[in-house]
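Enquirer: Structure incoming, see below.
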Amino acid sequence: MLKRIFDIAVSFVFICTLFLPLYIIIGIAVKFTSQGPVLFRQQRHGKDGQVFTCLKFRTMKMNSEADTLQATDNDRRVTSIGHFLRRTSLDELPQFINVLKGDMSLIGPRPHMLYHTQMYSSLIPDYMQRLSVKPGITGLAQILGCRGETPDVADMARRIRLDLWYIDHRSFRLDLYIFFRTLRDFMRIGR
């Protein structure tokens with residue numbers, strides 16, 4: 001209950017103070033640098049395997065591989081503004097809407113593409129246990145450096161081990177630590 005109240009309160013504040021003004025600026029930049037919608041919508045697995053539509057600012061040119069091929073360093077699909085949005089994690093801001101809707105939490109394992117869930121569930125033991133909680137905008141794996149591209153199974157396995165450790169040890173205190181550490185890291189990127 002406390003986690004959900006925190007999710008709603010923080011998301012509401014972020015949407016009103018940060019997301020709405022940035023939506024206009026980022027929206028114009030996305031539209032100016034490539035054709036297609038401002039928001040990227042992708043089906044992902046949430047708690048208990050429920051499928052939901054995850055929102056992000058679009059950082060890539062429209063392409064047929066968006067639901068199966070993860071972005072890589074120097075990916076030709078990423079737009080000029082997309083590189084900046086990804087590096088600063090500003091592309092994730094629309095996920096505060098997912099949090100308000102109840103599909104996601106502020107803190108939890110990052111939601112993966114449906115294709116990745118299918119693929120990694122057969123390669124990594126206990127992978128599906130990560131779906132026992134709501135996915136998060138940020139999580140323990142992200143603050144410990146496991147973000148972005150996972151070029152091989154070992155990279156994803158390390159991320160999953162951290163996700164499972166979080167699930168086994170989750171508490172409101174741990175969520176606050178991850179939240180404030182994420183804020184600190186975000187502020188450093190902006191400098």
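If you're wondering about the labels, chains in the structure tokens are A, B, ... by order shown, residues count from 1 in each chain, ligands from 1 in order shown.
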Tell me which protein, DNA and RNA residues are within 10 Å of segment 161-164 of chain A, counting only C-alpha atoms, leaving out same-chain ones fewer than 4 positions away, and put them as an NGL selection string.
Expert: :A and (108-110 or 124-132 or 135 or 139-142 or 144 or 146 or 156-157 or 168-170)
Enquirer: Output as a ChimeraX atom specification all residues of chain A that backbone DSSP marks as alpha helix (DSSP H).
Expert: /A:2-14,20-33,80-88,95-101,114-121,140-143,153-169,172-189
Enquirer: I want to know what sits within 10 Å of segment 24-36 of chain A, based on only C-alpha atoms, with residues of the same chain fewer than 4 positions away left out; could you give that as an MDAnalysis selection string?
Expert: chainID A and resid 19:20 40 57:62 78:82 85 90:91
Enquirer: What would the file look like if the residues just selected were written as a PDB file, in the first residue's frame with C-alpha atoms?
Expert:
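Final output, again_28.pdb:
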ATOM      1  CA  PHE A  19       6.928  15.596 -18.039  1.00  0.00           C
ATOM      2  CA  LEU A  20       4.362  18.071 -19.380  1.00  0.00           C
ATOM      3  CA  PHE A  40       6.838   4.617 -28.931  1.00  0.00           C
ATOM      4  CA  PHE A  57       9.597   8.785 -26.299  1.00  0.00           C
ATOM      5  CA  ARG A  58      10.480   7.428 -29.733  1.00  0.00           C
ATOM      6  CA  THR A  59      14.252   7.358 -30.204  1.00  0.00           C
ATOM      7  CA  MET A  60      14.466   5.346 -33.422  1.00  0.00           C
ATOM      8  CA  LYS A  61      13.362   5.697 -36.991  1.00  0.00           C
ATOM      9  CA  MET A  62      10.283   3.628 -37.707  1.00  0.00           C
ATOM     10  CA  VAL A  78      18.565   5.640 -33.508  1.00  0.00           C
ATOM     11  CA  THR A  79      17.788   9.238 -34.474  1.00  0.00           C
ATOM     12  CA  SER A  80      20.012  12.213 -33.680  1.00  0.00           C
ATOM     13  CA  ILE A  81      17.759  13.294 -30.773  1.00  0.00           C
ATOM     14  CA  GLY A  82      17.335   9.626 -29.856  1.00  0.00           C
ATOM     15  CA  LEU A  85      17.238  10.887 -25.023  1.00  0.00           C
ATOM     16  CA  LEU A  90      14.628  11.106 -20.838  1.00  0.00           C
ATOM     17  CA  ASP A  91      13.041   8.620 -23.247  1.00  0.00           C
TER      18      ASP A  91
END
Enquirer: Pick the closest to Val13 of chain A from A:Glu65, A:Gly148, A:Arg159, A:Leu100: which is it, counting only C-alpha atoms?
Expert: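 That would be A:Leu100, the residue with the smallest distance to Val13 of chain A.
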